[in-house]
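J.: mmCIF, C-alpha atoms, saved as upload-v6.cif, coming up:
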data_my_file
loop_
_atom_site.label_atom_id
_atom_site.label_comp_id
_atom_site.auth_asym_id
_atom_site.auth_seq_id
_atom_site.Cartn_x
_atom_site.Cartn_y
_atom_site.Cartn_z
CA MET A 22 0.00 0.00 0.00
CA SER A 23 1.45 3.35 -0.91
CA THR A 24 0.97 5.12 2.42
CA PHE A 25 1.37 2.27 4.87
CA PRO A 26 4.49 2.80 7.01
CA ASP A 27 6.96 -0.07 6.90
CA SER A 28 10.35 0.41 8.47
CA SER A 29 11.88 -2.44 6.46
CA ASN A 30 11.13 -0.62 3.19
CA LEU A 31 12.14 2.92 3.99
CA ASP A 32 14.96 4.52 2.06
CA GLU A 33 17.43 6.90 3.63
CA THR A 34 17.82 10.28 1.94
CA PRO A 35 21.21 12.09 1.83
CA ASP A 36 20.03 14.26 4.75
CA GLY A 37 19.28 11.20 6.88
CA GLU A 38 15.51 11.62 6.58
CA ASP A 39 13.21 8.67 5.93
CA GLU A 40 11.52 8.61 2.54
CA ALA A 41 8.09 6.96 2.44
CA PHE A 42 7.98 3.61 0.67
CA VAL A 43 5.89 3.50 -2.50
CA ASN A 44 4.49 0.11 -3.40
CA ARG A 45 4.93 -0.28 -7.15
CA ASP A 46 2.25 -2.97 -7.30
CA VAL A 47 -0.39 -0.41 -6.34
CA LEU A 48 0.72 1.82 -9.21
CA ARG A 49 0.69 -1.14 -11.59
CA LEU A 50 -2.78 -2.12 -10.39
CA PHE A 51 -4.05 1.41 -11.06
CA THR A 52 -2.62 1.24 -14.59
CA ARG A 53 -4.15 -2.21 -15.19
CA TRP A 54 -7.53 -0.99 -13.92
CA GLN A 55 -7.48 2.14 -16.07
CA ASN A 56 -6.43 0.30 -19.23
CA GLU A 57 -9.03 -2.42 -18.67
CA LYS A 58 -11.73 0.17 -18.06
CA TYR A 59 -11.21 1.96 -21.37
CA ALA A 60 -10.17 -0.94 -23.63
CA PRO A 61 -12.97 -2.38 -25.80
CA GLU A 62 -11.79 -5.95 -25.12
CA VAL A 63 -10.26 -8.00 -22.32
CA LEU A 64 -6.54 -7.35 -21.82
CA PRO A 65 -4.03 -9.98 -20.61
CA PHE A 66 -4.56 -10.81 -16.94
CA ASP A 67 -1.81 -9.71 -14.53
CA GLN A 68 -1.54 -12.64 -12.13
CA GLU A 69 1.47 -11.28 -10.26
CA VAL A 70 -0.04 -7.91 -9.38
CA THR A 71 -3.37 -9.45 -8.37
CA GLU A 72 -1.75 -11.96 -6.03
CA ASN A 73 0.65 -9.40 -4.53
CA ILE A 74 -2.11 -6.87 -3.86
CA SER A 75 -4.36 -9.55 -2.36
CA GLU A 76 -1.61 -10.58 0.06
CA ILE A 77 -0.87 -6.98 1.01
CA MET A 78 -4.52 -6.19 1.66
CA GLU A 79 -4.90 -9.28 3.83
CA PHE A 80 -1.80 -8.37 5.87
CA VAL A 81 -2.75 -4.71 6.30
CA GLY A 82 -6.35 -5.56 7.16
CA GLU A 83 -5.21 -7.98 9.86
CA SER A 84 -2.75 -5.40 11.22
CA LEU A 85 -5.46 -2.75 11.52
CA GLU A 86 -7.81 -5.19 13.24
CA GLU A 87 -5.09 -6.21 15.71
CA GLU A 88 -4.34 -2.59 16.56
CA ARG A 89 -8.00 -1.95 17.25
CA ALA A 90 -8.46 -5.19 19.24
CA GLU A 91 -5.36 -4.60 21.40
CA GLY A 92 -6.42 -1.07 22.23
CA GLU A 93 -3.46 0.60 20.51
CA ILE A 94 -5.90 2.99 18.82
CA GLN A 95 -7.28 5.12 21.65
CA ASP A 96 -8.90 7.67 19.36
CA PRO A 97 -11.13 6.22 16.58
CA ASN A 98 -10.45 9.43 14.62
CA ASP A 99 -6.67 9.01 14.85
CA PRO A 100 -5.37 10.51 11.55
CA ASP A 101 -2.73 7.82 10.95
CA TYR A 102 -5.20 4.97 11.49
CA CYS A 103 -7.90 6.66 9.39
CA LEU A 104 -5.53 7.29 6.49
CA ARG A 105 -4.25 3.72 6.46
CA SER A 106 -7.83 2.42 6.57
CA LEU A 107 -8.81 4.75 3.74
CA ASP A 108 -5.83 3.67 1.67
CA LEU A 109 -6.78 0.03 2.21
CA GLU A 110 -10.37 0.64 1.06
CA ARG A 111 -9.19 2.51 -2.02
CA THR A 112 -6.92 -0.35 -3.03
CA LYS A 113 -9.72 -2.86 -2.39
CA TYR A 114 -11.96 -0.87 -4.72
CA LEU A 115 -9.31 -0.83 -7.47
CA LEU A 116 -8.79 -4.59 -7.33
CA ARG A 117 -12.50 -5.42 -7.14
CA ASP A 118 -13.41 -3.07 -9.97
CA TYR A 119 -10.54 -4.37 -12.12
CA LEU A 120 -11.88 -7.92 -11.73
CA ARG A 121 -15.52 -6.78 -12.09
CA ILE A 122 -14.83 -5.05 -15.42
CA ARG A 123 -13.15 -8.17 -16.76
CA LEU A 124 -16.06 -10.41 -15.69
CA TRP A 125 -18.53 -7.98 -17.26
CA LYS A 126 -16.71 -8.27 -20.59
CA LEU A 127 -16.68 -12.06 -20.35
CA SER A 128 -20.41 -12.16 -19.67
CA GLN A 129 -21.08 -9.92 -22.68
CA TRP A 130 -19.13 -12.04 -25.20
CA PRO A 131 -18.77 -15.53 -23.67
CA GLN A 132 -18.47 -17.50 -26.92
CA HIS A 133 -15.77 -15.16 -28.19
CA TYR A 134 -13.59 -15.61 -25.11
CA LEU A 135 -14.13 -19.37 -25.05
CA GLU A 136 -12.01 -19.60 -28.18
CA PRO A 137 -8.52 -21.00 -27.37
CA ALA A 138 -6.62 -17.89 -28.46
CA ASN A 139 -8.72 -15.67 -26.20
CA MET A 140 -8.70 -18.08 -23.23
CA GLN A 141 -4.99 -17.37 -22.90
CA LEU A 142 -5.84 -13.82 -21.79
CA LEU A 143 -7.74 -15.05 -18.72
CA SER A 144 -6.86 -16.30 -15.27
CA GLU A 145 -7.78 -19.83 -14.16
CA ALA A 146 -10.65 -18.46 -12.06
CA GLU A 147 -11.96 -16.44 -15.02
CA ARG A 148 -11.82 -19.50 -17.28
CA ALA A 149 -13.82 -21.51 -14.76
CA TYR A 150 -16.36 -18.66 -14.42
CA LEU A 151 -16.66 -18.32 -18.19
CA ARG A 152 -17.25 -22.03 -18.78
CA GLU A 153 -19.85 -22.22 -16.02
CA PHE A 154 -21.58 -19.05 -17.21
CA TRP A 155 -21.84 -20.26 -20.80
CA ASN A 156 -22.95 -23.77 -19.79
CA MET A 157 -25.79 -22.30 -17.73
CA LYS A 158 -26.79 -19.87 -20.49
CA HIS A 159 -26.65 -22.58 -23.14
CA SER A 160 -28.72 -24.92 -20.98
CA PHE A 161 -31.32 -22.20 -20.45
CA LEU A 162 -31.59 -21.46 -24.18
CA GLU A 163 -31.76 -25.16 -25.00
CA HIS A 164 -34.66 -25.80 -22.66
CA ARG A 165 -36.55 -22.58 -23.43
CA LEU A 166 -36.01 -22.19 -27.18
CA LEU A 167 -33.55 -24.37 -29.05
CA GLY A 168 -35.27 -27.65 -28.18
CA ALA A 169 -38.36 -26.58 -30.15
CA LEU A 170 -36.36 -25.76 -33.29
CA PRO A 171 -35.23 -28.15 -36.04
CA PRO A 172 -31.74 -29.60 -35.40
CA ALA A 173 -30.28 -27.57 -38.26
CA LYS A 174 -31.39 -24.38 -36.53
CA GLN A 175 -30.14 -25.15 -33.03
CA GLY A 176 -26.54 -24.01 -33.51
CA LEU A 177 -25.32 -20.91 -31.66
CA ASP A 178 -22.01 -20.54 -33.47
CA ASP A 179 -22.98 -20.92 -37.12
CA LYS A 180 -21.20 -18.87 -39.77
CA MET A 181 -22.42 -17.96 -43.24
CA ASP A 182 -20.13 -15.92 -45.46
CA LEU A 183 -19.49 -12.73 -43.45
CA LEU A 184 -22.29 -13.41 -40.97
CA ASP A 185 -21.30 -14.84 -37.60
CA MET A 186 -23.69 -15.78 -34.81
CA VAL A 187 -20.96 -15.37 -32.19
CA ARG A 188 -21.17 -11.95 -30.54
CA ARG A 189 -17.79 -10.25 -30.41
CA PRO A 190 -16.50 -6.98 -28.93
CA VAL A 191 -16.44 -4.04 -31.31
CA LEU A 192 -12.73 -3.37 -31.79
CA ASP A 193 -12.96 -0.57 -34.35
CA ARG A 194 -13.53 2.08 -31.69
CA HIS A 195 -11.69 5.20 -30.62
CA VAL A 196 -9.75 5.47 -27.35
CA TYR A 197 -7.62 8.15 -25.68
CA ALA A 198 -4.01 7.03 -25.34
CA LYS A 199 -1.19 8.73 -23.45
CA LEU A 200 2.36 8.00 -24.59
CA SER A 201 5.29 7.47 -22.22
CA GLU A 202 7.80 7.31 -25.08
CA ASN A 203 7.98 8.01 -28.79
CA ILE A 204 6.34 5.39 -30.99
CA GLY A 205 6.33 5.04 -34.71
CA PRO A 206 6.03 5.22 -37.54
CA LEU A 207 2.94 3.01 -37.29
CA GLU A 208 0.97 1.56 -40.16
CA VAL A 209 -2.62 2.79 -39.93
CA PRO A 210 -5.20 0.09 -40.79
CA SER A 211 -7.55 1.23 -43.51
CA THR A 212 -11.29 1.48 -42.99
CA GLY A 213 -14.18 0.86 -45.32
CA THR A 214 -14.82 4.60 -45.64
CA GLN A 215 -11.29 5.47 -46.83
CA ASP A 216 -10.24 5.65 -50.46
CA THR A 217 -7.98 3.03 -52.04
CA SER A 218 -4.75 4.94 -51.20
CA ALA A 219 -2.86 3.67 -48.14
CA PRO A 220 -2.94 5.99 -45.08
CA GLU A 221 0.32 7.72 -44.16
CA PRO A 222 2.36 6.15 -41.33
CA LEU A 223 1.66 7.69 -37.92
CA THR A 224 4.30 8.84 -35.42
CA LEU A 225 3.28 9.34 -31.78
CA HIS A 226 5.33 11.50 -29.42
CA GLU A 227 6.12 11.05 -25.74
CA GLY A 228 3.93 12.94 -23.27
CA ASN A 229 1.10 13.57 -25.72
CA THR A 230 -2.44 12.20 -25.51
CA TYR A 231 -4.07 11.07 -28.75
CA LEU A 232 -7.55 10.05 -29.82
CA LEU A 233 -6.87 6.93 -31.88
CA ARG A 234 -8.63 3.91 -33.27
CA TRP A 235 -8.07 0.90 -31.04
CA PRO A 236 -6.47 -1.30 -33.77
CA ILE A 237 -3.63 1.24 -34.13
CA ILE A 238 -2.37 0.84 -30.56
CA ARG A 239 -3.83 -2.57 -29.68
CA GLU A 240 -0.45 -4.27 -29.92
CA PHE A 241 1.00 -1.98 -27.23
CA LEU A 242 -1.67 -3.04 -24.72
CA MET A 243 -1.73 -6.75 -25.59
CA ASP A 244 1.99 -7.55 -25.98
CA PRO A 245 4.09 -7.63 -22.75
CA MET A 246 7.11 -6.48 -24.76
CA HIS A 247 5.54 -3.01 -25.00
CA GLU A 248 4.70 -2.78 -21.29
CA GLY A 249 4.22 0.83 -20.11
CA LYS A 250 4.58 2.53 -23.47
CA VAL A 251 0.88 3.39 -23.80
CA GLN A 252 -1.75 4.09 -21.15
CA LEU A 253 -5.46 4.58 -21.84
CA VAL A 254 -7.06 7.61 -20.22
#
Can the structure in the file be given as structure tokens, please?
T.:
Amino acid sequence: MSTFPDSSNLDETPDGEDEAFVNRDVLRLFTRWQNEKYAPEVLPFDQEVTENISEIMEFVGESLEEERAEGEIQDPNDPDYCLRSLDLERTKYLLRDYLRIRLWKLSQWPQHYLEPANMQLLSEAERAYLREFWNMKHSFLEHRLLGALPPAKQGLDDKMDLLDMVRRPVLDRHVYAKLSENIGPLEVPSTGTQDTSAPEPLTLHEGNTYLLRWPIIREFLMDPMHEGKVQLV
């Protein structure tokens, strides 16, 4: 937690003063939450950050409860205790909302994320949730609707030319992206409304925020090699 005092993690400044420890996992969690919130599809799951934050929250929560139970906190409005409790609740919210957003996306497009290539983006718990969710939904549809249809019409994943029964996230959307380093030149995917000439390569500059189509910067949010280069805002 960023504001929880921990003597084992304090750095000494040249003047001999203690510098507060900043937990990098909290900053990474905030970035993961923000990117997941604004991305039109599920991003790769960060197992390390989730586990580290869960352990920290459990430890800090137990420490606060012990302080209260042992009577170390005489004043319930003690500023130090209140700030640590507030910081704990804020971090809990970030983690819960990060996971909630991911589950919401899975429940919107379950068949899409059941495909092997997309299953790799999920945690083991998310895969189990997705399978159970789709099995229940498929069973409901089968008993309420599909069972009364001819066998040839009972499929939920049929494809015909460009028509696909599987609902998928709309990836051709615009997002705001903030750059932490220069990127480019990038090839801009063409759209159906553009003329036949190829779009000019795009160069993005560090510190600027751009309104871009998701396919242009998708690679920088999906590939771990480009970690931290782009943040959605």
J.: Find the distance between CA of Ser144 in chain A and CA of Gln55 in chain A and write it in Å to one decimal.
T.: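 Answer for the CA of Ser144 in chain A to CA of Gln55 in chain A separation: 18.5 Å.
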J.: In Å, with one decimal, what is the gap from CA of Ser128 in chain A to CA of Ala146 in chain A?
T.: 13.9 Å
J.: Find the residues around Ala149 in chain A up to 12 Å (only C-alpha atoms counted), leave out those fewer than 3 positions away in its own chain, and share them as a ChimeraX atom specification.
T.: /A:124,127,131,134-135,140,143-146,152-156
J.: Between A:Leu223, A:Leu233, A:Leu177, A:Val196, which has the minimum distance to Glu208 in chain A (counting all atoms listed in the file)?
T.: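 Of A:Leu223, A:Leu233, A:Leu177, A:Val196, the one nearest Glu208 in chain A, counting all atoms listed in the file, is A:Leu223.
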J.: Fewer than 4 positions away in the same chain doesn't count, so skip those; otherwise give me all residues within 10 Å of Thr112 in chain A, counting only C-alpha atoms, as an MDAnalysis selection string.
T.: chainID A and resid 22:23 47 50:51 74:75 77:78 107:108 116:118
J.: To one decimal place in Å, what is the distance between CA of Leu192 in chain A and CA of Glu62 in chain A?
T.: 7.2 Å
J.: Using all atoms listed in the file, can you tell me which of A:Arg188, A:Lys199, A:His226, A:Arg49 comes closest to Val254 in chain A?
T.: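 Answer, going by the shortest atom-to-atom distance: A:Lys199.
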J.: Name the residues captured by the PyMOL selection byres ((chain A and resi 239) around 10) when it is applied to the shown file; answer as a PDB file with C-alpha atoms, keeping the file's coordinate frame.
T.:
ATOM      1  CA  ALA A  60     -10.170  -0.940 -23.630  1.00  0.00           C
ATOM      2  CA  PRO A  61     -12.970  -2.380 -25.800  1.00  0.00           C
ATOM      3  CA  GLU A  62     -11.790  -5.950 -25.120  1.00  0.00           C
ATOM      4  CA  LEU A  64      -6.540  -7.350 -21.820  1.00  0.00           C
ATOM      5  CA  LEU A 192     -12.730  -3.370 -31.790  1.00  0.00           C
ATOM      6  CA  ARG A 234      -8.630   3.910 -33.270  1.00  0.00           C
ATOM      7  CA  TRP A 235      -8.070   0.900 -31.040  1.00  0.00           C
ATOM      8  CA  PRO A 236      -6.470  -1.300 -33.770  1.00  0.00           C
ATOM      9  CA  ILE A 237      -3.630   1.240 -34.130  1.00  0.00           C
ATOM     10  CA  ILE A 238      -2.370   0.840 -30.560  1.00  0.00           C
ATOM     11  CA  GLU A 240      -0.450  -4.270 -29.920  1.00  0.00           C
ATOM     12  CA  PHE A 241       1.000  -1.980 -27.230  1.00  0.00           C
ATOM     13  CA  LEU A 242      -1.670  -3.040 -24.720  1.00  0.00           C
ATOM     14  CA  MET A 243      -1.730  -6.750 -25.590  1.00  0.00           C
ATOM     15  CA  ASP A 244       1.990  -7.550 -25.980  1.00  0.00           C
ATOM     16  CA  VAL A 251       0.880   3.390 -23.800  1.00  0.00           C
TER      17      VAL A 251
END
J.: In file coordinates, which residues lie within 12 Å of (-25.7, -14.7, -32.9) using only C-alpha atoms, given as a ChimeraX atom specification?
T.: /A:130-133,174-181,184-189
J.: Just so the selection is clear, what residues does the PyMOL selection byres ((chain A and resi 102) around 12) cover here, as a list in words?
T.: Thr24, Phe25, Pro26, Val81, Gly82, Ser84, Leu85, Glu86, Glu87, Glu88, Arg89, Glu93, Ile94, Gln95, Asp96, Pro97, Asn98, Asp99, Pro100, Asp101, Cys103, Leu104, Arg105, Ser106, Leu107, Asp108 and Leu109 of chain A
J.: Counting all atoms listed in the file, which residue out of A:Leu200, A:Glu91, A:Asp193, A:Glu83 sits closest to Glu227 in chain A?
T.: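 Looking at the shortest contact to Glu227 in chain A, the residue is A:Leu200.
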J.: Nearest to Asn139 in chain A: which of A:Gly205, A:Pro222, A:Pro190, A:Gly249 is it, counting all atoms listed in the file?
T.: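 Looking at the shortest contact to Asn139 in chain A, the residue is A:Pro190.
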J.: For Gln141 in chain A, work out the shell of residues within 9 Å, counting all atoms listed in the file and skipping chain neighbours fewer than 3 positions away, then give it as a ChimeraX atom specification.
T.: /A:65-66,137-138,144
J.: Generate a file for range 133-163 of chain A, containing N, CA, C and O atoms, as a short mmCIF file (atom, residue, chain, number, x, y, z; two decimals), in the first residue's frame.
T.:
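Written out: selection_31.cif:
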data_model
loop_
_atom_site.label_atom_id
_atom_site.label_comp_id
_atom_site.auth_asym_id
_atom_site.auth_seq_id
_atom_site.Cartn_x
_atom_site.Cartn_y
_atom_site.Cartn_z
N HIS A 133 -17.00 -15.72 -27.64
CA HIS A 133 -15.77 -15.16 -28.19
C HIS A 133 -14.57 -15.51 -27.32
O HIS A 133 -13.52 -15.94 -27.82
N TYR A 134 -14.72 -15.37 -26.01
CA TYR A 134 -13.59 -15.61 -25.11
C TYR A 134 -13.40 -17.08 -24.78
O TYR A 134 -12.41 -17.44 -24.15
N LEU A 135 -14.33 -17.94 -25.20
CA LEU A 135 -14.13 -19.37 -25.05
C LEU A 135 -13.22 -19.93 -26.13
O LEU A 135 -12.78 -21.08 -26.02
N GLU A 136 -12.93 -19.15 -27.15
CA GLU A 136 -12.01 -19.60 -28.18
C GLU A 136 -10.60 -19.71 -27.61
O GLU A 136 -10.18 -18.88 -26.78
N PRO A 137 -9.83 -20.74 -27.99
CA PRO A 137 -8.52 -21.00 -27.37
C PRO A 137 -7.57 -19.80 -27.34
O PRO A 137 -6.91 -19.56 -26.34
N ALA A 138 -7.53 -19.04 -28.42
CA ALA A 138 -6.62 -17.89 -28.46
C ALA A 138 -6.98 -16.84 -27.42
O ALA A 138 -6.10 -16.19 -26.85
N ASN A 139 -8.27 -16.67 -27.16
CA ASN A 139 -8.72 -15.67 -26.20
C ASN A 139 -8.68 -16.20 -24.76
O ASN A 139 -8.56 -15.41 -23.82
N MET A 140 -8.78 -17.50 -24.58
CA MET A 140 -8.70 -18.08 -23.23
C MET A 140 -7.35 -17.81 -22.59
O MET A 140 -7.21 -17.77 -21.38
N GLN A 141 -6.33 -17.63 -23.42
CA GLN A 141 -4.99 -17.37 -22.90
C GLN A 141 -4.89 -16.03 -22.19
O GLN A 141 -3.96 -15.80 -21.40
N LEU A 142 -5.85 -15.14 -22.42
CA LEU A 142 -5.84 -13.82 -21.79
C LEU A 142 -6.38 -13.86 -20.37
O LEU A 142 -6.24 -12.88 -19.64
N LEU A 143 -6.98 -14.98 -19.97
CA LEU A 143 -7.74 -15.05 -18.72
C LEU A 143 -6.97 -15.79 -17.64
O LEU A 143 -6.06 -16.58 -17.91
N SER A 144 -7.38 -15.54 -16.40
CA SER A 144 -6.86 -16.30 -15.27
C SER A 144 -7.61 -17.63 -15.17
O SER A 144 -8.63 -17.83 -15.83
N GLU A 145 -7.11 -18.54 -14.33
CA GLU A 145 -7.78 -19.83 -14.16
C GLU A 145 -9.19 -19.64 -13.60
O GLU A 145 -10.13 -20.32 -14.01
N ALA A 146 -9.33 -18.71 -12.65
CA ALA A 146 -10.65 -18.46 -12.06
C ALA A 146 -11.60 -17.89 -13.11
O ALA A 146 -12.80 -18.24 -13.13
N GLU A 147 -11.11 -17.02 -13.98
CA GLU A 147 -11.96 -16.44 -15.02
C GLU A 147 -12.37 -17.50 -16.04
O GLU A 147 -13.50 -17.48 -16.54
N ARG A 148 -11.46 -18.42 -16.34
CA ARG A 148 -11.82 -19.50 -17.28
C ARG A 148 -12.92 -20.38 -16.69
O ARG A 148 -13.86 -20.77 -17.40
N ALA A 149 -12.79 -20.70 -15.41
CA ALA A 149 -13.82 -21.51 -14.76
C ALA A 149 -15.16 -20.77 -14.73
O ALA A 149 -16.21 -21.37 -15.00
N TYR A 150 -15.12 -19.47 -14.43
CA TYR A 150 -16.36 -18.66 -14.42
C TYR A 150 -16.98 -18.63 -15.81
O TYR A 150 -18.21 -18.79 -15.96
N LEU A 151 -16.16 -18.43 -16.83
CA LEU A 151 -16.66 -18.32 -18.19
C LEU A 151 -17.31 -19.61 -18.65
O LEU A 151 -18.40 -19.59 -19.24
N ARG A 152 -16.67 -20.74 -18.37
CA ARG A 152 -17.25 -22.03 -18.78
C ARG A 152 -18.59 -22.27 -18.07
O ARG A 152 -19.57 -22.71 -18.69
N GLU A 153 -18.61 -22.00 -16.77
CA GLU A 153 -19.85 -22.22 -16.02
C GLU A 153 -20.95 -21.28 -16.49
O GLU A 153 -22.11 -21.69 -16.63
N PHE A 154 -20.59 -20.02 -16.74
CA PHE A 154 -21.58 -19.05 -17.21
C PHE A 154 -22.18 -19.48 -18.54
O PHE A 154 -23.41 -19.45 -18.71
N TRP A 155 -21.32 -19.89 -19.48
CA TRP A 155 -21.84 -20.26 -20.80
C TRP A 155 -22.63 -21.56 -20.74
O TRP A 155 -23.65 -21.71 -21.43
N ASN A 156 -22.21 -22.52 -19.92
CA ASN A 156 -22.95 -23.77 -19.79
C ASN A 156 -24.37 -23.50 -19.26
O ASN A 156 -25.34 -24.10 -19.73
N MET A 157 -24.47 -22.62 -18.28
CA MET A 157 -25.79 -22.30 -17.73
C MET A 157 -26.64 -21.56 -18.76
O MET A 157 -27.84 -21.85 -18.90
N LYS A 158 -26.04 -20.62 -19.49
CA LYS A 158 -26.79 -19.87 -20.49
C LYS A 158 -27.22 -20.78 -21.63
O LYS A 158 -28.37 -20.70 -22.11
N HIS A 159 -26.32 -21.66 -22.05
CA HIS A 159 -26.65 -22.58 -23.14
C HIS A 159 -27.75 -23.54 -22.72
O HIS A 159 -28.68 -23.84 -23.50
N SER A 160 -27.68 -24.01 -21.49
CA SER A 160 -28.72 -24.92 -20.98
C SER A 160 -30.07 -24.21 -20.93
O SER A 160 -31.11 -24.80 -21.28
N PHE A 161 -30.07 -22.97 -20.50
CA PHE A 161 -31.32 -22.20 -20.45
C PHE A 161 -31.93 -22.05 -21.85
O PHE A 161 -33.13 -22.28 -22.05
N LEU A 162 -31.09 -21.65 -22.83
CA LEU A 162 -31.59 -21.46 -24.18
C LEU A 162 -32.07 -22.77 -24.78
O LEU A 162 -33.05 -22.81 -25.54
N GLU A 163 -31.38 -23.86 -24.45
CA GLU A 163 -31.76 -25.16 -25.00
C GLU A 163 -33.13 -25.60 -24.50
O GLU A 163 -33.94 -26.13 -25.26
#
